[in-house]
Amino acid sequence: MASETIVFTGFPGFLGSELLPRVLARAPGRRALCVVQSKFADLARRRAAEIVDRHRKLAGRVDLVEGDITATDLGMESAAALAPAVVEIHHLAAVYDLSVTRALGERVNVEGTRQVLAFAHRCPRLEALHYVSTCYVSGKHPGRFTEADLDVGQAFNNHYEETKFRAEVLVRDAMRKGMPVAIYRPAIVVGDSATGATQKYDGPYYVIRWILKQPRLAVLPTVGDPGSVRLNVVPRDFVVRALAHLSADPRSRGVTFQLADPDPLTIDEIIRGVAAASGRTVIRIPLPLAVAKAAIDYVPGVEWLLGIPSAAVDYFVHPTTYATDNTVSHLRGSGIDLARFRDYLPRLVEYVRANPDVPSAAMV
């Protein structure tokens with residue numbers, strides 16, 4: 001493939017499906033090659049066709065290859081021939097699941113990233129590797145977590161956080177050794193701020209779905225201090241627009257960006273917002289964190305009834321806040337603004353009401 005090539009992992013996922021056309025639009029002379037798991041090949045073909053239908057100028061510029069990011073050369077037989085044409089890599093593939101097992105998180109998040117880095121080393125024309133991490137590499141770090149921070153001695157809530165942390169350690173090491181890398185750490189990503197559309201219900205959607213299941217007088221178990229704990233939420237459209245813009249800027253190389261809300265709502269404000277948008281009066285039932293998690297894990301039917309995994313409960317007592325200095329600085333003047341969660345929360349509620357069957361499971 002002689003054309004300058006941009007490799008994507010994580011297509012046809014939640015972010016990758018929207019990012020791909022934006023990246024190609026700002027790089028008109030380049031093609032995209034998406035490394036796709038075989039079990040998602042049909043979905044990827046449909047989604048690629050939909051993208052080309054919406055963006056006719058992208059016709060003939062989106063290629064799919066079945067592969068496996070956890071394998072040598074990403075499982076691509078054509079890797080040796082492809083590498084000389086690769087100028088960008090966007091590595092989005094990961095297991096985005098708070099309940100992921102250690103073995104699966106290690107294989108996909110850590111070993112997958114190791115193999116992407118190994119492939120990147122084979123690309124002599126590489127201009128940039130864009131790696132999507134997560135704010136929650138912070139683990140349970142108390143207080144402010146900056147874009148320069150990584151290993152601050154933190155403990156982790158789950159294997160997802162720990163394996164994404166370990167993957168970012170590998171990426172940071174490659175960056176220090178001279179690879180042109182930019183790192184992006186989204187907070188909790190929800191649906192589109194204009195339409196509410198999403199492919200997965202997690203994060204604040206657990207509260208939204210539970211309240212919508214109930215009559216006008218709704219009961220909600222709560223943990224910790226909802227008036228002081230803040231849940232950092234960003235909409236997909238902001239994350240995708242920021243990724244597309246920042247990845248086009250040569251100044252992003254060597255920089256870490258936390259794509260987070262610098263002034264997130266408290267849990268209390270979110271509950272009140274969901275109550276107002278859903279037309280419910282919410283009665284709160286305070287529970288100790290350990291009791292709430294044990295009830296979900298060990299009392300038959302509780303997880304099914306609430307629709308929330310115990311691993312998600314930890315984020316309602318999350319002790320970390322996130323600095324966004326690099327993101328704010330590099331986006332200044334771009335016209336990319338973060339919509340306020342309280343303003344688009346009603347659209348998320350309406351989308352859930354109209355689309356109750358969207359899954360919560362990760363693409364694995």
# chains A, B, ... in the order shown; residues from 1 in each chain; ligands from 1
>>> select_by_dssp(residues="segment 54-205 of chain A", states="helix (DSSP H, G or I)", output="PDB file with C-alpha atoms, in the first residue's frame")
ATOM      1  CA  ARG A  54     -22.129  10.153   4.977  1.00  0.00           C
ATOM      2  CA  ARG A  56     -18.504  10.680   0.009  1.00  0.00           C
ATOM      3  CA  LYS A  57     -14.991  12.126  -0.230  1.00  0.00           C
ATOM      4  CA  LEU A  58     -13.776   9.207   1.879  1.00  0.00           C
ATOM      5  CA  THR A  72       3.018 -10.115  16.756  1.00  0.00           C
ATOM      6  CA  ASP A  73       2.576  -7.549  13.953  1.00  0.00           C
ATOM      7  CA  LEU A  74      -1.000  -7.133  15.228  1.00  0.00           C
ATOM      8  CA  GLY A  75      -1.851 -10.435  13.590  1.00  0.00           C
ATOM      9  CA  ALA A  79       2.652  -6.031   8.306  1.00  0.00           C
ATOM     10  CA  ALA A  80       6.109  -5.969   6.705  1.00  0.00           C
ATOM     11  CA  ALA A  81       4.783  -4.493   3.463  1.00  0.00           C
ATOM     12  CA  LEU A  82       2.498  -2.065   5.277  1.00  0.00           C
ATOM     13  CA  ALA A  83       4.966  -0.607   7.801  1.00  0.00           C
ATOM     14  CA  PRO A  84       6.925   1.650   5.372  1.00  0.00           C
ATOM     15  CA  ALA A  85       3.717   3.507   4.456  1.00  0.00           C
ATOM     16  CA  ARG A 102      -6.807  -9.588  35.399  1.00  0.00           C
ATOM     17  CA  ALA A 103      -5.944 -12.079  32.636  1.00  0.00           C
ATOM     18  CA  LEU A 104      -8.090 -10.393  29.969  1.00  0.00           C
ATOM     19  CA  GLY A 105      -7.022  -6.878  30.995  1.00  0.00           C
ATOM     20  CA  GLU A 106      -3.381  -7.955  30.887  1.00  0.00           C
ATOM     21  CA  ARG A 107      -3.755  -9.546  27.465  1.00  0.00           C
ATOM     22  CA  VAL A 108      -5.662  -6.777  25.710  1.00  0.00           C
ATOM     23  CA  ASN A 109      -4.702  -3.592  27.525  1.00  0.00           C
ATOM     24  CA  VAL A 110      -1.059  -4.332  28.352  1.00  0.00           C
ATOM     25  CA  GLU A 111       0.135  -6.924  25.827  1.00  0.00           C
ATOM     26  CA  GLY A 112      -1.962  -5.309  23.090  1.00  0.00           C
ATOM     27  CA  THR A 113      -0.252  -1.976  23.724  1.00  0.00           C
ATOM     28  CA  ARG A 114       3.145  -3.670  23.813  1.00  0.00           C
ATOM     29  CA  GLN A 115       2.485  -5.146  20.367  1.00  0.00           C
ATOM     30  CA  VAL A 116       1.260  -1.812  18.973  1.00  0.00           C
ATOM     31  CA  LEU A 117       4.478  -0.192  20.185  1.00  0.00           C
ATOM     32  CA  ALA A 118       6.537  -2.986  18.620  1.00  0.00           C
ATOM     33  CA  PHE A 119       4.744  -2.453  15.304  1.00  0.00           C
ATOM     34  CA  ALA A 120       5.289   1.315  15.590  1.00  0.00           C
ATOM     35  CA  HIS A 121       9.029   0.696  15.865  1.00  0.00           C
ATOM     36  CA  CYS A 135      -7.960   9.470  33.546  1.00  0.00           C
ATOM     37  CA  TYR A 136      -8.431   6.479  35.829  1.00  0.00           C
ATOM     38  CA  VAL A 137      -4.794   5.455  35.619  1.00  0.00           C
ATOM     39  CA  SER A 138      -4.924   7.630  38.741  1.00  0.00           C
ATOM     40  CA  HIS A 159      -7.945  -4.584  36.989  1.00  0.00           C
ATOM     41  CA  TYR A 160      -9.155  -2.163  34.310  1.00  0.00           C
ATOM     42  CA  GLU A 161      -7.461   0.772  36.027  1.00  0.00           C
ATOM     43  CA  GLU A 162      -4.321  -1.193  36.823  1.00  0.00           C
ATOM     44  CA  THR A 163      -3.846  -2.622  33.334  1.00  0.00           C
ATOM     45  CA  LYS A 164      -4.462   0.747  31.660  1.00  0.00           C
ATOM     46  CA  PHE A 165      -1.880   2.216  34.065  1.00  0.00           C
ATOM     47  CA  ARG A 166       0.630  -0.480  33.130  1.00  0.00           C
ATOM     48  CA  ALA A 167      -0.050   0.075  29.444  1.00  0.00           C
ATOM     49  CA  GLU A 168       0.580   3.794  29.814  1.00  0.00           C
ATOM     50  CA  VAL A 169       3.855   3.036  31.590  1.00  0.00           C
ATOM     51  CA  LEU A 170       4.943   1.224  28.405  1.00  0.00           C
ATOM     52  CA  VAL A 171       3.862   4.149  26.228  1.00  0.00           C
ATOM     53  CA  ARG A 172       5.609   6.693  28.443  1.00  0.00           C
ATOM     54  CA  ASP A 173       8.786   4.610  28.233  1.00  0.00           C
ATOM     55  CA  ALA A 174       8.622   4.627  24.433  1.00  0.00           C
ATOM     56  CA  MET A 175       8.036   8.381  24.523  1.00  0.00           C
ATOM     57  CA  ARG A 176      11.133   8.911  26.685  1.00  0.00           C
ATOM     58  CA  TYR A 205     -26.264   5.766  32.933  1.00  0.00           C
TER      59      TYR A 205
END
>>> residues_around(residues="Leu98 of chain A", least_positions_apart="4", cutoff="7 Å", atoms="only C-alpha atoms", output="list of chain:residue names")
A:Asn158, A:Tyr160, A:Ala311, A:Ala312
>>> residues_around(residues="segment 39-41 of chain A", least_positions_apart="2", cutoff="10 Å", atoms="only C-alpha atoms", output="PDB file with all heavy atoms, in the first residue's frame")
ATOM      1  N   PHE A  11     -11.515   0.212  16.027  1.00  0.00           N
ATOM      2  CA  PHE A  11     -12.653   0.368  15.114  1.00  0.00           C
ATOM      3  C   PHE A  11     -13.330  -0.999  14.988  1.00  0.00           C
ATOM      4  O   PHE A  11     -12.630  -2.008  14.891  1.00  0.00           O
ATOM      5  CB  PHE A  11     -12.160   0.843  13.740  1.00  0.00           C
ATOM      6  CG  PHE A  11     -13.248   1.142  12.753  1.00  0.00           C
ATOM      7  CD1 PHE A  11     -13.863   2.375  12.737  1.00  0.00           C
ATOM      8  CD2 PHE A  11     -13.676   0.175  11.853  1.00  0.00           C
ATOM      9  CE1 PHE A  11     -14.880   2.652  11.837  1.00  0.00           C
ATOM     10  CE2 PHE A  11     -14.694   0.431  10.957  1.00  0.00           C
ATOM     11  CZ  PHE A  11     -15.299   1.683  10.940  1.00  0.00           C
ATOM     12  N   PRO A  12     -14.660  -1.077  15.047  1.00  0.00           N
ATOM     13  CA  PRO A  12     -15.678  -0.029  14.964  1.00  0.00           C
ATOM     14  C   PRO A  12     -16.251   0.394  16.313  1.00  0.00           C
ATOM     15  O   PRO A  12     -17.474   0.451  16.480  1.00  0.00           O
ATOM     16  CB  PRO A  12     -16.751  -0.717  14.121  1.00  0.00           C
ATOM     17  CG  PRO A  12     -16.690  -2.152  14.594  1.00  0.00           C
ATOM     18  CD  PRO A  12     -15.256  -2.429  14.918  1.00  0.00           C
ATOM     19  N   GLY A  13     -15.398   0.678  17.270  1.00  0.00           N
ATOM     20  CA  GLY A  13     -15.852   1.013  18.612  1.00  0.00           C
ATOM     21  C   GLY A  13     -16.468   2.390  18.724  1.00  0.00           C
ATOM     22  O   GLY A  13     -16.576   3.155  17.756  1.00  0.00           O
ATOM     23  N   VAL A  35      -7.428  -2.122  11.971  1.00  0.00           N
ATOM     24  CA  VAL A  35      -7.158  -3.487  12.400  1.00  0.00           C
ATOM     25  C   VAL A  35      -8.354  -3.945  13.224  1.00  0.00           C
ATOM     26  O   VAL A  35      -8.621  -3.405  14.309  1.00  0.00           O
ATOM     27  CB  VAL A  35      -5.862  -3.568  13.225  1.00  0.00           C
ATOM     28  CG1 VAL A  35      -5.564  -5.021  13.608  1.00  0.00           C
ATOM     29  CG2 VAL A  35      -4.694  -2.966  12.450  1.00  0.00           C
ATOM     30  N   VAL A  36      -9.083  -4.945  12.713  1.00  0.00           N
ATOM     31  CA  VAL A  36     -10.378  -5.316  13.266  1.00  0.00           C
ATOM     32  C   VAL A  36     -10.353  -6.773  13.712  1.00  0.00           C
ATOM     33  O   VAL A  36      -9.851  -7.648  12.992  1.00  0.00           O
ATOM     34  CB  VAL A  36     -11.485  -5.127  12.194  1.00  0.00           C
ATOM     35  CG1 VAL A  36     -12.840  -5.537  12.740  1.00  0.00           C
ATOM     36  CG2 VAL A  36     -11.508  -3.686  11.701  1.00  0.00           C
ATOM     37  N   GLN A  37     -10.903  -7.029  14.908  1.00  0.00           N
ATOM     38  CA  GLN A  37     -11.081  -8.410  15.329  1.00  0.00           C
ATOM     39  C   GLN A  37     -12.026  -9.121  14.361  1.00  0.00           C
ATOM     40  O   GLN A  37     -13.017  -8.540  13.913  1.00  0.00           O
ATOM     41  CB  GLN A  37     -11.683  -8.473  16.730  1.00  0.00           C
ATOM     42  CG  GLN A  37     -10.771  -8.041  17.852  1.00  0.00           C
ATOM     43  CD  GLN A  37     -11.434  -8.294  19.194  1.00  0.00           C
ATOM     44  OE1 GLN A  37     -11.603  -9.453  19.594  1.00  0.00           O
ATOM     45  NE2 GLN A  37     -11.800  -7.238  19.894  1.00  0.00           N
ATOM     46  N   LEU A  43     -19.585  -6.063  11.426  1.00  0.00           N
ATOM     47  CA  LEU A  43     -19.982  -4.755  11.959  1.00  0.00           C
ATOM     48  C   LEU A  43     -19.063  -3.665  11.423  1.00  0.00           C
ATOM     49  O   LEU A  43     -19.526  -2.573  11.055  1.00  0.00           O
ATOM     50  CB  LEU A  43     -19.931  -4.785  13.486  1.00  0.00           C
ATOM     51  CG  LEU A  43     -20.191  -3.449  14.201  1.00  0.00           C
ATOM     52  CD1 LEU A  43     -21.577  -2.912  13.868  1.00  0.00           C
ATOM     53  CD2 LEU A  43     -20.029  -3.611  15.722  1.00  0.00           C
ATOM     54  N   ALA A  44     -17.773  -3.950  11.352  1.00  0.00           N
ATOM     55  CA  ALA A  44     -16.824  -2.954  10.849  1.00  0.00           C
ATOM     56  C   ALA A  44     -17.115  -2.612   9.391  1.00  0.00           C
ATOM     57  O   ALA A  44     -17.049  -1.438   8.993  1.00  0.00           O
ATOM     58  CB  ALA A  44     -15.397  -3.471  11.004  1.00  0.00           C
ATOM     59  N   ARG A  45     -17.430  -3.617   8.584  1.00  0.00           N
ATOM     60  CA  ARG A  45     -17.757  -3.349   7.175  1.00  0.00           C
ATOM     61  C   ARG A  45     -19.009  -2.484   7.055  1.00  0.00           C
ATOM     62  O   ARG A  45     -19.044  -1.545   6.243  1.00  0.00           O
ATOM     63  CB  ARG A  45     -17.929  -4.665   6.415  1.00  0.00           C
ATOM     64  CG  ARG A  45     -16.607  -5.338   6.045  1.00  0.00           C
ATOM     65  CD  ARG A  45     -16.832  -6.512   5.105  1.00  0.00           C
ATOM     66  NE  ARG A  45     -17.355  -7.672   5.823  1.00  0.00           N
ATOM     67  CZ  ARG A  45     -16.594  -8.620   6.364  1.00  0.00           C
ATOM     68  NH1 ARG A  45     -15.280  -8.537   6.285  1.00  0.00           N
ATOM     69  NH2 ARG A  45     -17.141  -9.655   6.981  1.00  0.00           N
ATOM     70  N   ARG A  46     -20.011  -2.794   7.863  1.00  0.00           N
ATOM     71  CA  ARG A  46     -21.237  -1.982   7.818  1.00  0.00           C
ATOM     72  C   ARG A  46     -20.946  -0.544   8.251  1.00  0.00           C
ATOM     73  O   ARG A  46     -21.425   0.402   7.621  1.00  0.00           O
ATOM     74  CB  ARG A  46     -22.315  -2.590   8.720  1.00  0.00           C
ATOM     75  CG  ARG A  46     -22.883  -3.904   8.212  1.00  0.00           C
ATOM     76  CD  ARG A  46     -24.193  -4.227   8.895  1.00  0.00           C
ATOM     77  NE  ARG A  46     -24.069  -4.313  10.343  1.00  0.00           N
ATOM     78  CZ  ARG A  46     -23.735  -5.421  10.997  1.00  0.00           C
ATOM     79  NH1 ARG A  46     -23.456  -6.537  10.329  1.00  0.00           N
ATOM     80  NH2 ARG A  46     -23.664  -5.427  12.325  1.00  0.00           N
ATOM     81  N   ARG A  47     -20.179  -0.409   9.304  1.00  0.00           N
ATOM     82  CA  ARG A  47     -19.907   0.940   9.814  1.00  0.00           C
ATOM     83  C   ARG A  47     -19.036   1.729   8.844  1.00  0.00           C
ATOM     84  O   ARG A  47     -19.240   2.932   8.650  1.00  0.00           O
ATOM     85  CB  ARG A  47     -19.260   0.845  11.191  1.00  0.00           C
ATOM     86  CG  ARG A  47     -19.363   2.141  11.971  1.00  0.00           C
ATOM     87  CD  ARG A  47     -19.408   1.891  13.453  1.00  0.00           C
ATOM     88  NE  ARG A  47     -20.675   1.339  13.897  1.00  0.00           N
ATOM     89  CZ  ARG A  47     -20.862   0.773  15.085  1.00  0.00           C
ATOM     90  NH1 ARG A  47     -19.865   0.684  15.937  1.00  0.00           N
ATOM     91  NH2 ARG A  47     -22.043   0.292  15.409  1.00  0.00           N
ATOM     92  N   LEU A  64     -10.054  -2.229   5.703  1.00  0.00           N
ATOM     93  CA  LEU A  64     -10.165  -3.048   6.901  1.00  0.00           C
ATOM     94  C   LEU A  64      -9.289  -4.275   6.743  1.00  0.00           C
ATOM     95  O   LEU A  64      -9.219  -4.861   5.660  1.00  0.00           O
ATOM     96  CB  LEU A  64     -11.613  -3.486   7.131  1.00  0.00           C
ATOM     97  CG  LEU A  64     -12.684  -2.400   7.128  1.00  0.00           C
ATOM     98  CD1 LEU A  64     -14.067  -3.033   7.305  1.00  0.00           C
ATOM     99  CD2 LEU A  64     -12.432  -1.382   8.231  1.00  0.00           C
ATOM    100  N   VAL A  65      -8.623  -4.668   7.817  1.00  0.00           N
ATOM    101  CA  VAL A  65      -7.855  -5.899   7.812  1.00  0.00           C
ATOM    102  C   VAL A  65      -8.135  -6.626   9.121  1.00  0.00           C
ATOM    103  O   VAL A  65      -8.151  -6.009  10.187  1.00  0.00           O
ATOM    104  CB  VAL A  65      -6.343  -5.640   7.637  1.00  0.00           C
ATOM    105  CG1 VAL A  65      -5.786  -4.787   8.759  1.00  0.00           C
ATOM    106  CG2 VAL A  65      -5.568  -6.941   7.538  1.00  0.00           C
ATOM    107  N   GLU A  66      -8.424  -7.901   9.038  1.00  0.00           N
ATOM    108  CA  GLU A  66      -8.642  -8.662  10.256  1.00  0.00           C
ATOM    109  C   GLU A  66      -7.303  -8.915  10.929  1.00  0.00           C
ATOM    110  O   GLU A  66      -6.317  -9.272  10.279  1.00  0.00           O
ATOM    111  CB  GLU A  66      -9.351  -9.981   9.934  1.00  0.00           C
ATOM    112  CG  GLU A  66     -10.772  -9.768   9.449  1.00  0.00           C
ATOM    113  CD  GLU A  66     -11.546 -11.057   9.274  1.00  0.00           C
ATOM    114  OE1 GLU A  66     -11.178 -12.065   9.929  1.00  0.00           O
ATOM    115  OE2 GLU A  66     -12.519 -11.059   8.501  1.00  0.00           O
ATOM    116  N   GLY A  67      -7.279  -8.699  12.229  1.00  0.00           N
ATOM    117  CA  GLY A  67      -6.045  -8.857  12.978  1.00  0.00           C
ATOM    118  C   GLY A  67      -6.308  -9.034  14.444  1.00  0.00           C
ATOM    119  O   GLY A  67      -7.447  -9.188  14.891  1.00  0.00           O
ATOM    120  N   MET A 363     -17.140  -3.996  24.218  1.00  0.00           N
ATOM    121  CA  MET A 363     -16.779  -4.790  23.046  1.00  0.00           C
ATOM    122  C   MET A 363     -15.455  -5.483  23.351  1.00  0.00           C
ATOM    123  O   MET A 363     -14.440  -4.833  23.542  1.00  0.00           O
ATOM    124  CB  MET A 363     -16.620  -3.900  21.811  1.00  0.00           C
ATOM    125  CG  MET A 363     -17.911  -3.317  21.290  1.00  0.00           C
ATOM    126  SD  MET A 363     -17.649  -2.272  19.813  1.00  0.00           S
ATOM    127  CE  MET A 363     -17.144  -3.508  18.598  1.00  0.00           C
ATOM    128  N   VAL A 364     -15.457  -6.798  23.404  1.00  0.00           N
ATOM    129  CA  VAL A 364     -14.257  -7.563  23.730  1.00  0.00           C
ATOM    130  C   VAL A 364     -14.080  -8.660  22.679  1.00  0.00           C
ATOM    131  O   VAL A 364     -15.015  -9.380  22.395  1.00  0.00           O
ATOM    132  CB  VAL A 364     -14.356  -8.191  25.128  1.00  0.00           C
ATOM    133  CG1 VAL A 364     -13.073  -8.961  25.432  1.00  0.00           C
ATOM    134  CG2 VAL A 364     -14.586  -7.129  26.185  1.00  0.00           C
TER     135      VAL A 364
END
>>> atom_distance(atom1="atom CA of Glu127 of chain A", atom2="atom CA of Gln258 of chain A")
21.5 Å
>>> residues_around(residues="segment 279-282 of chain A", least_positions_apart="6", cutoff="7 Å", atoms="only C-alpha atoms", output="list in words")
Arg216, Leu217, Ala218, Val219 and Leu220 of chain A
>>> write_last_selection(atoms="N, CA, C and O atoms", output="mmCIF file, in the first residue's frame")
data_model
loop_
_atom_site.group_PDB
_atom_site.id
_atom_site.type_symbol
_atom_site.label_atom_id
_atom_site.label_comp_id
_atom_site.auth_asym_id
_atom_site.auth_seq_id
_atom_site.Cartn_x
_atom_site.Cartn_y
_atom_site.Cartn_z
ATOM 1 N N ARG A 216 -43.021 7.486 39.789
ATOM 2 C CA ARG A 216 -42.653 8.885 40.040
ATOM 3 C C ARG A 216 -41.926 9.066 41.361
ATOM 4 O O ARG A 216 -41.128 9.985 41.513
ATOM 5 N N LEU A 217 -42.193 8.200 42.341
ATOM 6 C CA LEU A 217 -41.451 8.229 43.607
ATOM 7 C C LEU A 217 -40.415 7.111 43.529
ATOM 8 O O LEU A 217 -40.746 5.930 43.607
ATOM 9 N N ALA A 218 -39.145 7.494 43.348
ATOM 10 C CA ALA A 218 -38.075 6.525 43.095
ATOM 11 C C ALA A 218 -37.137 6.447 44.289
ATOM 12 O O ALA A 218 -36.871 7.456 44.957
ATOM 13 N N VAL A 219 -36.636 5.251 44.536
ATOM 14 C CA VAL A 219 -35.686 5.017 45.627
ATOM 15 C C VAL A 219 -34.304 4.796 45.028
ATOM 16 O O VAL A 219 -34.142 4.048 44.053
ATOM 17 N N LEU A 220 -33.287 5.441 45.604
ATOM 18 C CA LEU A 220 -31.921 5.316 45.093
ATOM 19 C C LEU A 220 -30.944 5.080 46.245
ATOM 20 O O LEU A 220 -30.765 5.966 47.084
#
>>> closest_atom_pairs(of="segment 163-205 of chain A", to="segment 221-235 of chain A", cutoff="10 Å", atoms="only C-alpha atoms", output="tab-separated table")
residue	atom	partner	partner_atom	distance
A:Pro186	CA	A:Val234	CA	7.6
A:Ala187	CA	A:Val233	CA	5.9
A:Ile188	CA	A:Val233	CA	4.7
A:Val189	CA	A:Val234	CA	5.1
A:Val190	CA	A:Pro235	CA	4.9
A:Gly191	CA	A:Pro235	CA	5.4
A:Asp192	CA	A:Pro235	CA	5.5
A:Ser193	CA	A:Pro235	CA	5.6
A:Ala194	CA	A:Pro235	CA	9.2
A:Gly196	CA	A:Pro235	CA	8.7
A:Ala197	CA	A:Pro235	CA	9.9
A:Thr198	CA	A:Pro235	CA	9.5
A:Gly203	CA	A:Val233	CA	8.3
A:Pro204	CA	A:Val233	CA	8.2
>>> atom_distance(atom1="atom CA of Ala182 of chain A", atom2="atom CA of Ala248 of chain A")
10.7 Å
